[in-house]
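target.cif, holding mmCIF, C-alpha atoms:
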data_run
loop_
_atom_site.label_atom_id
_atom_site.label_comp_id
_atom_site.auth_asym_id
_atom_site.auth_seq_id
_atom_site.Cartn_x
_atom_site.Cartn_y
_atom_site.Cartn_z
CA MET A 7 -294.33 25.96 58.38
CA MET A 8 -291.28 28.01 57.44
CA GLY A 9 -292.08 30.58 60.14
CA ASP A 10 -292.04 27.81 62.74
CA ILE A 11 -288.49 26.74 61.84
CA THR A 12 -286.05 28.40 64.20
CA VAL A 13 -282.60 27.61 65.54
CA SER A 14 -280.80 28.89 68.60
CA SER A 15 -278.15 31.59 68.29
CA PRO A 16 -275.28 29.12 68.97
CA MET A 17 -276.69 26.74 66.35
CA LEU A 18 -277.00 29.57 63.81
CA LEU A 19 -273.38 30.49 64.49
CA PHE A 20 -272.47 26.84 63.90
CA LEU A 21 -274.32 26.89 60.57
CA ILE A 22 -272.62 30.11 59.54
CA CYS A 23 -269.20 28.60 60.27
CA MET A 24 -269.97 25.33 58.47
CA THR A 25 -271.45 26.96 55.36
CA GLY A 26 -268.44 29.26 55.21
CA PHE A 27 -266.10 26.27 55.35
CA ALA A 28 -268.26 24.47 52.77
CA GLY A 29 -267.88 27.51 50.51
CA VAL A 30 -264.09 27.33 50.73
CA VAL A 31 -264.09 23.66 49.73
CA ASP A 32 -266.80 23.97 47.09
CA SER A 33 -265.21 26.92 45.28
CA ALA A 34 -261.89 25.09 44.89
CA ALA A 35 -262.84 21.43 44.51
CA GLY A 36 -266.63 21.05 44.52
CA GLY A 37 -268.58 18.97 47.01
CA GLY A 38 -269.39 21.70 49.54
CA GLY A 39 -272.83 20.18 50.04
CA LEU A 40 -271.19 17.21 51.75
CA ILE A 41 -270.33 19.64 54.55
CA SER A 42 -273.29 22.03 54.58
CA LEU A 43 -276.18 19.57 54.15
CA PRO A 44 -275.31 17.47 57.25
CA ALA A 45 -274.88 20.74 59.18
CA TYR A 46 -278.40 21.90 58.32
CA LEU A 47 -279.82 18.50 59.22
CA PHE A 48 -277.88 18.52 62.51
CA ALA A 49 -279.42 21.93 63.27
CA GLY A 50 -282.86 20.32 63.01
CA LEU A 51 -284.15 21.59 59.66
CA PRO A 52 -286.59 19.24 57.91
CA VAL A 53 -285.05 17.50 54.90
CA HIS A 54 -286.85 19.45 52.16
CA TYR A 55 -286.16 22.77 53.87
CA THR A 56 -282.54 21.69 54.29
CA TYR A 57 -282.15 21.22 50.54
CA GLY A 58 -283.94 24.47 49.72
CA THR A 59 -282.04 26.58 52.26
CA ASN A 60 -278.73 25.00 51.30
CA LYS A 61 -279.42 25.61 47.60
CA PHE A 62 -280.01 29.30 48.29
CA SER A 63 -276.74 29.78 50.17
CA ALA A 64 -274.84 27.59 47.68
CA ALA A 65 -276.17 29.49 44.66
CA CYS A 66 -275.16 32.83 46.18
CA GLY A 67 -271.67 31.57 46.97
CA THR A 68 -271.20 29.96 43.56
CA THR A 69 -272.16 33.24 41.87
CA PHE A 70 -269.28 35.08 43.51
CA ALA A 71 -266.85 32.18 43.00
CA THR A 72 -267.70 32.03 39.30
CA ALA A 73 -267.13 35.77 38.97
CA LYS A 74 -263.79 35.41 40.78
CA PHE A 75 -262.64 32.63 38.44
CA PHE A 76 -263.86 34.59 35.41
CA ARG A 77 -261.96 37.73 36.43
CA GLY A 78 -258.91 35.55 37.03
CA GLY A 79 -259.04 34.27 33.45
CA ALA A 80 -259.84 30.74 34.60
CA VAL A 81 -263.12 30.22 32.74
CA ASP A 82 -263.47 29.13 29.13
CA LEU A 83 -266.81 30.86 28.62
CA GLN A 84 -267.84 29.07 25.43
CA VAL A 85 -267.08 25.60 26.78
CA GLY A 86 -268.59 26.41 30.16
CA LEU A 87 -271.84 27.62 28.62
CA LEU A 88 -272.06 24.55 26.37
CA ALA A 89 -271.53 22.27 29.36
CA ALA A 90 -274.11 24.23 31.37
CA ALA A 91 -276.67 23.79 28.60
CA GLY A 92 -275.93 20.07 28.45
CA SER A 93 -276.31 19.79 32.22
CA PHE A 94 -279.94 20.93 32.03
CA VAL A 95 -280.73 18.05 29.68
CA GLY A 96 -278.70 15.55 31.69
CA SER A 97 -280.18 16.63 35.00
CA ALA A 98 -283.71 16.17 33.71
CA ALA A 99 -282.83 12.70 32.37
CA GLY A 100 -281.09 11.74 35.59
CA SER A 101 -284.01 12.88 37.72
CA HIS A 102 -286.40 10.74 35.70
CA LEU A 103 -284.04 7.76 35.81
CA ALA A 104 -283.66 8.08 39.58
CA VAL A 105 -287.37 7.35 39.95
CA TRP A 106 -286.81 3.89 38.46
CA LEU A 107 -283.69 3.00 40.44
CA SER A 108 -283.61 2.00 44.09
CA ASP A 109 -281.38 3.71 46.65
CA GLY A 110 -279.33 0.52 46.87
CA VAL A 111 -278.58 0.57 43.14
CA LEU A 112 -277.61 4.25 43.26
CA ARG A 113 -275.24 3.67 46.19
CA LEU A 114 -273.69 0.68 44.43
CA MET A 115 -273.10 2.83 41.36
CA MET A 116 -271.38 5.44 43.52
CA LEU A 117 -269.22 2.86 45.29
CA CYS A 118 -267.99 1.83 41.83
CA ILE A 119 -267.42 5.42 40.69
CA LEU A 120 -265.54 6.70 43.75
CA PRO A 121 -262.44 4.45 43.51
CA VAL A 122 -262.13 5.27 39.80
CA ALA A 123 -262.31 9.00 40.57
CA ALA A 124 -259.69 8.65 43.31
CA VAL A 125 -257.35 6.73 40.98
CA VAL A 126 -257.75 9.43 38.31
CA ILE A 127 -256.77 12.16 40.79
CA LEU A 128 -253.83 10.18 42.18
CA THR A 129 -252.47 9.31 38.73
CA GLN A 130 -252.55 13.00 37.82
CA TRP A 131 -250.85 14.06 41.05
CA LYS A 132 -247.33 14.33 39.61
CA ARG A 133 -248.31 15.24 36.05
CA PRO A 134 -247.52 18.76 34.81
CA ASP A 135 -250.59 20.95 35.03
CA HIS A 136 -250.84 21.86 31.34
CA ASP A 137 -253.77 23.90 30.09
CA CYS A 138 -255.69 23.63 26.84
CA GLY A 139 -257.65 26.81 27.43
CA ASP A 140 -256.44 28.36 24.17
CA CYS A 141 -257.37 25.35 22.03
CA PRO A 142 -259.76 26.20 19.17
CA LEU A 143 -263.41 25.29 19.68
CA THR A 144 -263.63 22.44 17.19
CA ARG A 145 -266.63 20.22 16.64
CA ALA A 146 -264.94 17.55 18.73
CA ARG A 147 -264.48 19.93 21.68
CA ILE A 148 -268.07 21.16 21.36
CA ALA A 149 -269.21 17.53 21.53
CA GLN A 150 -266.95 16.93 24.56
CA ALA A 151 -268.31 19.97 26.40
CA LEU A 152 -271.90 18.94 25.74
CA ALA A 153 -271.15 15.34 26.76
CA ILE A 154 -269.57 16.50 30.02
CA GLY A 155 -272.59 18.68 30.71
CA VAL A 156 -275.07 15.88 29.99
CA GLY A 157 -273.06 13.31 31.95
CA ILE A 158 -272.48 15.51 35.02
CA GLY A 159 -276.05 16.77 34.87
CA CYS A 160 -277.32 13.19 34.75
CA TYR A 161 -275.19 12.37 37.81
CA ASP A 162 -276.54 15.45 39.57
CA GLY A 163 -280.10 14.38 38.84
CA LEU A 164 -279.40 10.80 39.90
CA PHE A 165 -277.37 11.38 43.04
CA GLY A 166 -275.99 14.91 43.47
CA PRO A 167 -273.22 15.11 46.08
CA GLY A 168 -269.76 15.86 44.67
CA THR A 169 -271.08 17.09 41.32
CA GLY A 170 -268.51 19.89 41.12
CA THR A 171 -265.66 17.50 41.89
CA PHE A 172 -266.61 15.14 39.07
CA ALA A 173 -267.03 18.11 36.72
CA ILE A 174 -263.46 19.21 37.48
CA ILE A 175 -262.18 15.69 36.84
CA ALA A 176 -264.06 15.57 33.51
CA PHE A 177 -262.81 18.95 32.30
CA SER A 178 -259.21 18.18 33.26
CA THR A 179 -258.96 14.59 31.99
CA LEU A 180 -261.21 14.73 28.90
CA MET A 181 -260.56 18.25 27.66
CA GLY A 182 -257.03 18.89 28.90
CA TYR A 183 -257.68 21.90 31.13
CA ASP A 184 -255.44 22.65 34.08
CA MET A 185 -257.05 22.46 37.52
CA ARG A 186 -257.64 26.21 37.71
CA ARG A 187 -259.59 26.41 34.46
CA ALA A 188 -261.28 23.05 35.05
CA SER A 189 -262.55 24.45 38.37
CA GLY A 190 -263.69 27.67 36.67
CA ASN A 191 -265.61 25.77 33.99
CA ALA A 192 -267.15 23.56 36.66
CA LYS A 193 -268.33 26.66 38.53
CA LEU A 194 -270.19 27.91 35.46
CA LEU A 195 -271.83 24.50 35.03
CA ASN A 196 -272.77 24.43 38.73
CA LEU A 197 -274.06 27.99 38.61
CA ALA A 198 -276.60 27.10 35.95
CA SER A 199 -277.78 23.95 37.73
CA ASN A 200 -277.92 25.69 41.13
CA TYR A 201 -280.19 28.46 39.92
CA ALA A 202 -282.36 26.04 37.98
CA SER A 203 -282.93 24.06 41.18
CA LEU A 204 -283.29 27.18 43.33
CA VAL A 205 -286.24 28.39 41.27
CA THR A 206 -288.10 25.19 42.15
CA TYR A 207 -287.30 25.46 45.86
CA LEU A 208 -288.31 29.13 45.96
CA ALA A 209 -291.58 28.41 44.17
CA SER A 210 -292.29 25.65 46.69
CA GLY A 211 -291.55 27.89 49.68
CA LEU A 212 -288.74 25.66 50.92
CA VAL A 213 -286.12 28.35 51.67
CA VAL A 214 -285.89 29.45 55.32
CA PHE A 215 -284.67 32.99 54.66
CA HIS A 216 -283.80 34.01 58.22
CA ILE A 217 -281.32 31.11 58.23
CA ALA A 218 -280.42 31.11 54.52
CA ILE A 219 -279.40 34.78 54.29
CA PRO A 220 -276.69 34.80 57.03
CA CYS A 221 -275.46 31.43 55.76
CA ALA A 222 -275.38 32.81 52.21
CA ILE A 223 -273.20 35.72 53.37
CA SER A 224 -270.87 33.26 55.08
CA GLY A 225 -270.87 31.06 51.99
CA ILE A 226 -269.97 34.02 49.78
CA VAL A 227 -266.98 34.83 51.99
CA GLY A 228 -265.92 31.17 51.97
CA ASN A 229 -266.26 30.93 48.19
CA LEU A 230 -264.16 34.06 47.70
CA ILE A 231 -261.44 32.67 49.97
CA GLY A 232 -261.52 29.24 48.32
CA SER A 233 -261.48 30.59 44.78
CA ARG A 234 -258.54 32.85 45.64
CA LEU A 235 -256.65 29.86 47.06
CA ALA A 236 -257.45 27.81 43.94
CA LEU A 237 -256.42 30.58 41.54
CA ARG A 238 -253.12 31.11 43.36
CA GLY A 239 -252.27 27.51 44.19
CA GLY A 240 -253.76 25.68 41.21
CA ALA A 241 -253.40 21.90 41.31
CA LYS A 242 -251.42 21.98 44.58
CA VAL A 243 -254.53 23.24 46.36
CA ILE A 244 -257.31 21.71 44.27
CA ARG A 245 -256.20 18.07 44.03
CA PRO A 246 -255.86 17.49 47.80
CA MET A 247 -259.26 19.12 48.37
CA MET A 248 -260.80 16.86 45.73
CA LEU A 249 -259.51 13.79 47.56
CA VAL A 250 -261.01 15.14 50.80
CA VAL A 251 -264.37 15.53 49.05
CA LEU A 252 -264.23 11.95 47.74
CA VAL A 253 -263.42 10.66 51.24
CA LEU A 254 -266.37 12.63 52.64
CA LEU A 255 -268.63 11.19 49.96
CA LEU A 256 -267.44 7.66 50.70
CA GLY A 257 -268.07 8.29 54.41
CA ARG A 258 -271.59 9.46 53.68
CA LEU A 259 -272.33 6.38 51.57
CA THR A 260 -270.94 4.11 54.29
CA ALA A 261 -273.03 5.84 56.95
CA GLN A 262 -276.16 5.52 54.80
CA ALA A 263 -275.47 1.85 54.23
CA ALA A 264 -275.11 1.37 57.99
CA GLY A 265 -278.35 3.26 58.60
CA LEU A 266 -276.61 6.15 60.36
CA ALA A 267 -277.51 8.89 57.87
#
Render the structure in this file as C-alpha coordinates.
Amino acid sequence: MMGDITVSSPMLLFLICMTGFAGVVDSAAGGGGLISLPAYLFAGLPVHYTYGTNKFSAACGTTFATAKFFRGGAVDLQVGLLAAAGSFVGSAAGSHLAVWLSDGVLRLMMLCILPVAAVVILTQWKRPDHDCGDCPLTRARIAQALAIGVGIGCYDGLFGPGTGTFAIIAFSTLMGYDMRRASGNAKLLNLASNYASLVTYLASGLVVFHIAIPCAISGIVGNLIGSRLALRGGAKVIRPMMLVVLVLLLGRLTAQAAGLA
(Lines of atoms letter the chains of each structure in order from A and count residues from 1; the text may use other names and numbers.)
(Lines give C-alpha, C1' and ligand atoms only; values in the text may rest on other atoms or scores of the structure.)
Protein backbone atom coordinates (compact mmCIF):
# COMPACT_ATOMS: atom_id res chain seq x y z
CA MET A 1 0.00 0.00 0.00
CA MET A 2 2.91 2.34 0.69
CA GLY A 3 3.58 2.73 -3.03
CA ASP A 4 0.00 3.91 -3.51
CA ILE A 5 0.38 6.75 -0.99
CA THR A 6 1.21 9.95 -2.82
CA VAL A 7 0.73 13.65 -2.19
CA SER A 8 0.76 16.57 -4.59
CA SER A 9 3.82 18.80 -4.86
CA PRO A 10 2.09 21.72 -3.03
CA MET A 11 1.02 19.34 -0.25
CA LEU A 12 4.55 17.95 0.06
CA LEU A 13 5.86 21.51 0.32
CA PHE A 14 3.29 22.11 3.06
CA LEU A 15 4.49 19.01 4.93
CA ILE A 16 8.12 20.08 4.59
CA CYS A 17 7.31 23.50 6.06
CA MET A 18 5.24 22.07 8.91
CA THR A 19 7.76 19.38 9.89
CA GLY A 20 10.48 22.02 9.84
CA PHE A 21 8.46 24.22 12.17
CA ALA A 22 7.68 21.19 14.34
CA GLY A 23 11.41 20.53 14.57
CA VAL A 24 12.06 24.05 15.84
CA VAL A 25 9.45 23.67 18.58
CA ASP A 26 10.35 20.09 19.47
CA SER A 27 14.08 20.72 19.83
CA ALA A 28 13.51 23.57 22.29
CA ALA A 29 10.40 22.59 24.21
CA GLY A 30 9.17 19.17 23.07
CA GLY A 31 5.75 18.50 21.59
CA GLY A 32 6.63 18.81 17.90
CA GLY A 33 4.28 15.93 17.12
CA LEU A 34 1.35 18.18 17.99
CA ILE A 35 2.25 20.13 14.85
CA SER A 36 3.54 17.44 12.49
CA LEU A 37 0.99 14.67 13.12
CA PRO A 38 -2.07 16.80 12.18
CA ALA A 39 -0.14 17.98 9.11
CA TYR A 40 0.41 14.41 7.89
CA LEU A 41 -3.23 13.56 8.53
CA PHE A 42 -4.34 16.72 6.69
CA ALA A 43 -2.20 15.61 3.73
CA GLY A 44 -4.25 12.41 3.57
CA LEU A 45 -1.87 9.80 4.99
CA PRO A 46 -3.59 6.87 6.73
CA VAL A 47 -3.23 6.99 10.51
CA HIS A 48 -0.70 4.17 10.92
CA TYR A 49 1.44 5.49 8.06
CA THR A 50 1.19 8.95 9.61
CA TYR A 51 2.70 7.71 12.87
CA GLY A 52 5.41 5.71 11.11
CA THR A 53 6.41 8.49 8.71
CA ASN A 54 6.34 11.09 11.47
CA LYS A 55 8.47 8.88 13.72
CA PHE A 56 11.10 8.60 10.99
CA SER A 57 11.38 12.35 10.46
CA ALA A 58 11.19 13.03 14.21
CA ALA A 59 13.93 10.51 15.03
CA CYS A 60 16.25 12.04 12.43
CA GLY A 61 15.65 15.55 13.74
CA THR A 62 16.05 14.54 17.38
CA THR A 63 19.40 12.90 16.56
CA PHE A 64 20.84 16.19 15.34
CA ALA A 65 19.22 18.20 18.16
CA THR A 66 20.68 15.85 20.76
CA ALA A 67 24.13 16.19 19.20
CA LYS A 68 23.75 19.99 19.20
CA PHE A 69 22.81 20.06 22.90
CA PHE A 70 25.64 17.64 23.72
CA ARG A 71 28.24 19.76 21.92
CA GLY A 72 26.84 22.80 23.72
CA GLY A 73 27.46 21.16 27.10
CA ALA A 74 23.74 20.97 27.84
CA VAL A 75 23.42 17.21 28.37
CA ASP A 76 24.17 15.36 31.60
CA LEU A 77 25.07 12.11 29.87
CA GLN A 78 24.86 9.83 32.91
CA VAL A 79 21.46 11.14 34.02
CA GLY A 80 20.15 11.20 30.45
CA LEU A 81 21.14 7.59 29.83
CA LEU A 82 19.59 6.47 33.12
CA ALA A 83 16.35 8.25 32.25
CA ALA A 84 16.42 6.75 28.75
CA ALA A 85 16.77 3.26 30.20
CA GLY A 86 13.89 3.91 32.57
CA SER A 87 11.73 5.18 29.71
CA PHE A 88 11.93 1.80 27.96
CA VAL A 89 10.44 0.11 31.02
CA GLY A 90 7.85 2.84 31.55
CA SER A 91 6.81 2.90 27.91
CA ALA A 92 6.20 -0.84 27.90
CA ALA A 93 4.14 -0.58 31.10
CA GLY A 94 2.18 2.38 29.77
CA SER A 95 1.42 0.64 26.50
CA HIS A 96 0.02 -2.36 28.34
CA LEU A 97 -1.97 -0.14 30.70
CA ALA A 98 -3.44 1.80 27.78
CA VAL A 99 -5.12 -1.38 26.58
CA TRP A 100 -7.18 -1.48 29.78
CA LEU A 101 -8.14 2.20 29.85
CA SER A 102 -10.73 3.84 27.63
CA ASP A 103 -9.98 6.93 25.55
CA GLY A 104 -12.29 8.91 27.83
CA VAL A 105 -10.27 8.00 30.91
CA LEU A 106 -7.00 8.89 29.19
CA ARG A 107 -8.34 12.29 28.10
CA LEU A 108 -9.64 12.97 31.61
CA MET A 109 -6.20 12.16 33.00
CA MET A 110 -4.63 14.61 30.55
CA LEU A 111 -7.15 17.35 31.36
CA CYS A 112 -6.05 17.00 34.99
CA ILE A 113 -2.34 16.99 34.13
CA LEU A 114 -2.30 19.99 31.77
CA PRO A 115 -3.33 22.71 34.26
CA VAL A 116 -0.77 21.39 36.77
CA ALA A 117 1.96 21.52 34.11
CA ALA A 118 0.96 25.07 33.13
CA VAL A 119 1.03 26.20 36.78
CA VAL A 120 4.50 24.67 37.22
CA ILE A 121 5.83 26.59 34.21
CA LEU A 122 4.20 29.86 35.25
CA THR A 123 5.45 29.63 38.84
CA GLN A 124 8.98 29.12 37.52
CA TRP A 125 8.72 32.03 35.09
CA LYS A 126 10.48 34.59 37.29
CA ARG A 127 12.73 32.18 39.17
CA PRO A 128 16.48 32.32 38.50
CA ASP A 129 17.49 29.62 36.06
CA HIS A 130 19.98 27.80 38.31
CA ASP A 131 21.60 24.60 37.13
CA CYS A 132 22.49 21.47 39.07
CA GLY A 133 24.42 19.92 36.21
CA ASP A 134 27.58 19.61 38.30
CA CYS A 135 25.86 17.89 41.23
CA PRO A 136 27.39 14.49 42.10
CA LEU A 137 25.51 11.42 40.91
CA THR A 138 24.26 10.19 44.27
CA ARG A 139 21.94 7.26 44.82
CA ALA A 140 19.09 9.72 45.26
CA ARG A 141 19.77 11.37 41.89
CA ILE A 142 20.10 7.97 40.20
CA ALA A 143 16.70 7.05 41.62
CA GLN A 144 15.26 10.39 40.43
CA ALA A 145 16.61 9.92 36.91
CA LEU A 146 15.20 6.40 36.68
CA ALA A 147 11.86 7.55 38.11
CA ILE A 148 11.63 10.36 35.55
CA GLY A 149 12.42 7.90 32.78
CA VAL A 150 9.82 5.39 33.96
CA GLY A 151 7.18 8.07 34.56
CA ILE A 152 7.69 9.89 31.24
CA GLY A 153 7.98 6.58 29.41
CA CYS A 154 4.71 5.42 30.98
CA TYR A 155 3.05 8.65 29.84
CA ASP A 156 4.48 8.15 26.35
CA GLY A 157 3.08 4.64 26.22
CA LEU A 158 -0.28 5.76 27.59
CA PHE A 159 -0.82 8.93 25.60
CA GLY A 160 2.27 10.32 23.86
CA PRO A 161 1.84 13.95 22.73
CA GLY A 162 3.97 16.46 24.64
CA THR A 163 6.31 13.83 26.07
CA GLY A 164 9.38 16.03 25.62
CA THR A 165 7.67 18.96 27.33
CA PHE A 166 6.82 16.92 30.42
CA ALA A 167 10.36 15.51 30.47
CA ILE A 168 11.77 19.05 30.56
CA ILE A 169 9.42 19.96 33.41
CA ALA A 170 10.48 16.85 35.34
CA PHE A 171 14.21 17.42 34.89
CA SER A 172 13.95 21.10 35.85
CA THR A 173 11.61 20.82 38.84
CA LEU A 174 12.68 17.47 40.33
CA MET A 175 16.40 17.48 39.61
CA GLY A 176 17.18 21.19 39.57
CA TYR A 177 18.49 21.53 36.01
CA ASP A 178 18.22 24.81 34.16
CA MET A 179 16.02 24.83 31.06
CA ARG A 180 18.95 24.33 28.69
CA ARG A 181 20.22 21.18 30.36
CA ALA A 182 16.71 19.94 31.13
CA SER A 183 15.97 20.19 27.39
CA GLY A 184 19.23 18.41 26.54
CA ASN A 185 18.47 15.55 28.93
CA ALA A 186 14.95 15.32 27.54
CA LYS A 187 16.38 15.02 24.02
CA LEU A 188 18.47 12.01 25.04
CA LEU A 189 15.42 10.38 26.61
CA ASN A 190 13.35 11.11 23.49
CA LEU A 191 16.09 9.85 21.21
CA ALA A 192 16.02 6.43 22.82
CA SER A 193 12.23 6.16 22.74
CA ASN A 194 12.02 7.47 19.15
CA TYR A 195 14.40 4.86 17.78
CA ALA A 196 12.78 2.10 19.80
CA SER A 197 9.42 2.98 18.22
CA LEU A 198 10.93 3.54 14.76
CA VAL A 199 12.24 -0.02 14.64
CA THR A 200 8.68 -1.30 15.03
CA TYR A 201 7.31 1.01 12.34
CA LEU A 202 10.11 0.10 9.92
CA ALA A 203 9.58 -3.62 10.52
CA SER A 204 5.87 -3.14 9.82
CA GLY A 205 6.50 -1.22 6.59
CA LEU A 206 4.69 1.87 7.85
CA VAL A 207 7.21 4.52 6.76
CA VAL A 208 6.43 6.29 3.45
CA PHE A 209 10.03 7.07 2.49
CA HIS A 210 9.37 9.37 -0.48
CA ILE A 211 7.52 11.64 1.96
CA ALA A 212 9.52 10.88 5.11
CA ILE A 213 12.96 11.66 3.67
CA PRO A 214 12.31 15.27 2.53
CA CYS A 215 10.37 15.87 5.76
CA ALA A 216 13.27 14.42 7.75
CA ILE A 217 15.68 16.86 6.07
CA SER A 218 13.34 19.72 6.92
CA GLY A 219 12.98 18.42 10.46
CA ILE A 220 16.75 18.26 10.88
CA VAL A 221 17.08 21.90 9.81
CA GLY A 222 14.26 22.88 12.18
CA ASN A 223 15.80 20.97 15.07
CA LEU A 224 19.18 22.62 14.51
CA ILE A 225 17.56 26.07 14.48
CA GLY A 226 15.45 25.33 17.57
CA SER A 227 18.31 23.84 19.55
CA ARG A 228 20.49 26.83 18.72
CA LEU A 229 17.74 29.18 19.93
CA ALA A 230 17.33 27.15 23.13
CA LEU A 231 21.07 27.03 23.84
CA ARG A 232 21.42 30.78 23.33
CA GLY A 233 18.19 31.95 24.94
CA GLY A 234 17.73 29.34 27.67
CA ALA A 235 14.59 29.75 29.76
CA LYS A 236 13.55 32.94 27.92
CA VAL A 237 13.01 30.87 24.78
CA ILE A 238 12.07 27.48 26.21
CA ARG A 239 9.38 28.42 28.75
CA PRO A 240 7.14 30.35 26.30
CA MET A 241 7.44 27.50 23.78
CA MET A 242 6.44 25.00 26.46
CA LEU A 243 3.28 26.98 27.18
CA VAL A 244 2.49 26.99 23.45
CA VAL A 245 2.86 23.21 23.39
CA LEU A 246 0.51 22.82 26.36
CA VAL A 247 -2.07 25.06 24.67
CA LEU A 248 -1.79 22.97 21.49
CA LEU A 249 -2.25 19.79 23.52
CA LEU A 250 -5.29 21.23 25.27
CA GLY A 251 -6.70 22.23 21.87
CA ARG A 252 -6.21 18.72 20.55
CA LEU A 253 -7.96 17.19 23.56
CA THR A 254 -10.85 19.63 23.20
CA ALA A 255 -11.18 18.86 19.50
CA GLN A 256 -11.15 15.12 20.20
CA ALA A 257 -13.81 15.54 22.86
CA ALA A 258 -15.94 17.47 20.36
CA GLY A 259 -15.42 14.78 17.73
CA LEU A 260 -13.42 17.07 15.45
CA ALA A 261 -10.12 15.17 15.55
For this session: May I ask for the distance between atom CA of A:Ala34 and atom CA of A:Ser189, given in Å to one decimal place?
Result: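 One can read the atom CA of A:Ala34 to atom CA of A:Ser189 distance as 6.6 Å.
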Please report as a tab-separated table every residue of stretch 146-253 of chain A lying within 9 Å of stretch 48-56 of chain A, along with the nearest atom pair and their distance in Å (one decimal), using only C-alpha atoms.
residue	atom	partner	partner_atom	distance
A:Tyr207	CA	A:Tyr55	CA	8.5
A:Gly211	CA	A:Tyr55	CA	8.5
A:Leu212	CA	A:Tyr55	CA	4.9
A:Val213	CA	A:Tyr55	CA	6.0
A:Val214	CA	A:Tyr55	CA	6.8
Take the residues just selected and output them with C-alpha atoms as a PDB file, in the frame of the given file.
ATOM      1  CA  TYR A 207    -287.300  25.460  45.860  1.00  0.00           C
ATOM      2  CA  GLY A 211    -291.550  27.890  49.680  1.00  0.00           C
ATOM      3  CA  LEU A 212    -288.740  25.660  50.920  1.00  0.00           C
ATOM      4  CA  VAL A 213    -286.120  28.350  51.670  1.00  0.00           C
ATOM      5  CA  VAL A 214    -285.890  29.450  55.320  1.00  0.00           C
TER       6      VAL A 214
END
Quick check on the file I pasted: which residues fall under the PyMOL selection byres ((chain A and resi 37) around 8)? Write them as a PDB file with C-alpha atoms, keeping the file's coordinate frame.
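New file result_24.pdb:
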ATOM      1  CA  ALA A  28    -268.260  24.470  52.770  1.00  0.00           C
ATOM      2  CA  VAL A  31    -264.090  23.660  49.730  1.00  0.00           C
ATOM      3  CA  ASP A  32    -266.800  23.970  47.090  1.00  0.00           C
ATOM      4  CA  ALA A  35    -262.840  21.430  44.510  1.00  0.00           C
ATOM      5  CA  GLY A  36    -266.630  21.050  44.520  1.00  0.00           C
ATOM      6  CA  GLY A  38    -269.390  21.700  49.540  1.00  0.00           C
ATOM      7  CA  GLY A  39    -272.830  20.180  50.040  1.00  0.00           C
ATOM      8  CA  LEU A  40    -271.190  17.210  51.750  1.00  0.00           C
ATOM      9  CA  ILE A  41    -270.330  19.640  54.550  1.00  0.00           C
ATOM     10  CA  PRO A 167    -273.220  15.110  46.080  1.00  0.00           C
ATOM     11  CA  GLY A 168    -269.760  15.860  44.670  1.00  0.00           C
ATOM     12  CA  THR A 169    -271.080  17.090  41.320  1.00  0.00           C
ATOM     13  CA  GLY A 170    -268.510  19.890  41.120  1.00  0.00           C
ATOM     14  CA  THR A 171    -265.660  17.500  41.890  1.00  0.00           C
ATOM     15  CA  VAL A 251    -264.370  15.530  49.050  1.00  0.00           C
TER      16      VAL A 251
END
For this session: Work out how far apart atom CA of A:Ala80 and atom CA of A:Leu195 are and give it in Å to one decimal.
Result: 13.5 Å
Sorted by chain and rising residue number, list the residues of stretch 163-219 of chain A at most 8 Å from stretch 240-246 of chain A (counting all atoms listed in the file), each with its closest atom pair and distance in Å to one decimal, as a Markdown table.
| residue | atom | partner | partner_atom | distance |
| --- | --- | --- | --- | --- |
| A:Asp184 | CA | A:Ala241 | CA | 7.5 |
| A:Met185 | CA | A:Ala241 | CA | 5.3 |
| A:Arg186 | CA | A:Gly240 | CA | 5.3 |
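Closest approach to A:Leu194 among A:Val81, A:Val30, A:Leu19, A:Leu43 is made by A:Val81 (distances from all atoms listed in the file).
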Problem set entry | Residues in the PyMOL selection byres ((chain A and resi 232) around 9), expressed as a list of chain:residue names | A:Phe27, A:Gly29, A:Val30, A:Val31, A:Asp32, A:Ser33, A:Ala34, A:Ala35, A:Ala71, A:Val227, A:Gly228, A:Asn229, A:Leu230, A:Ile231, A:Ser233, A:Arg234, A:Leu235, A:Ala236, A:Leu237
Problem set entry | Separation of atom CA of A:Phe172 from atom CA of A:Asn200 in Å |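 So the two atoms, atom CA of A:Asn200 and atom CA of A:Phe172, lie 15.6 Å apart.
The shell of residues at most 12 Å from A:Pro142, with only C-alpha atoms counted and near chain neighbours (fewer than 5 positions) removed, consists of Asp82, Gln84, Val85, Arg147, Ile148 and Met181 of chain A.
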Problem set entry | Picked residues, the PyMOL selection byres ((chain A and resi 61) around 9), expected as a ChimeraX atom specification | /A:39,56-60,62-66,200-201,203-204,207,213,218
Problem set entry | A:Leu208, A:Gly96, A:Leu197, A:Leu180 ranked by distance to A:Ile158, top pick (using only C-alpha atoms) | A:Gly96
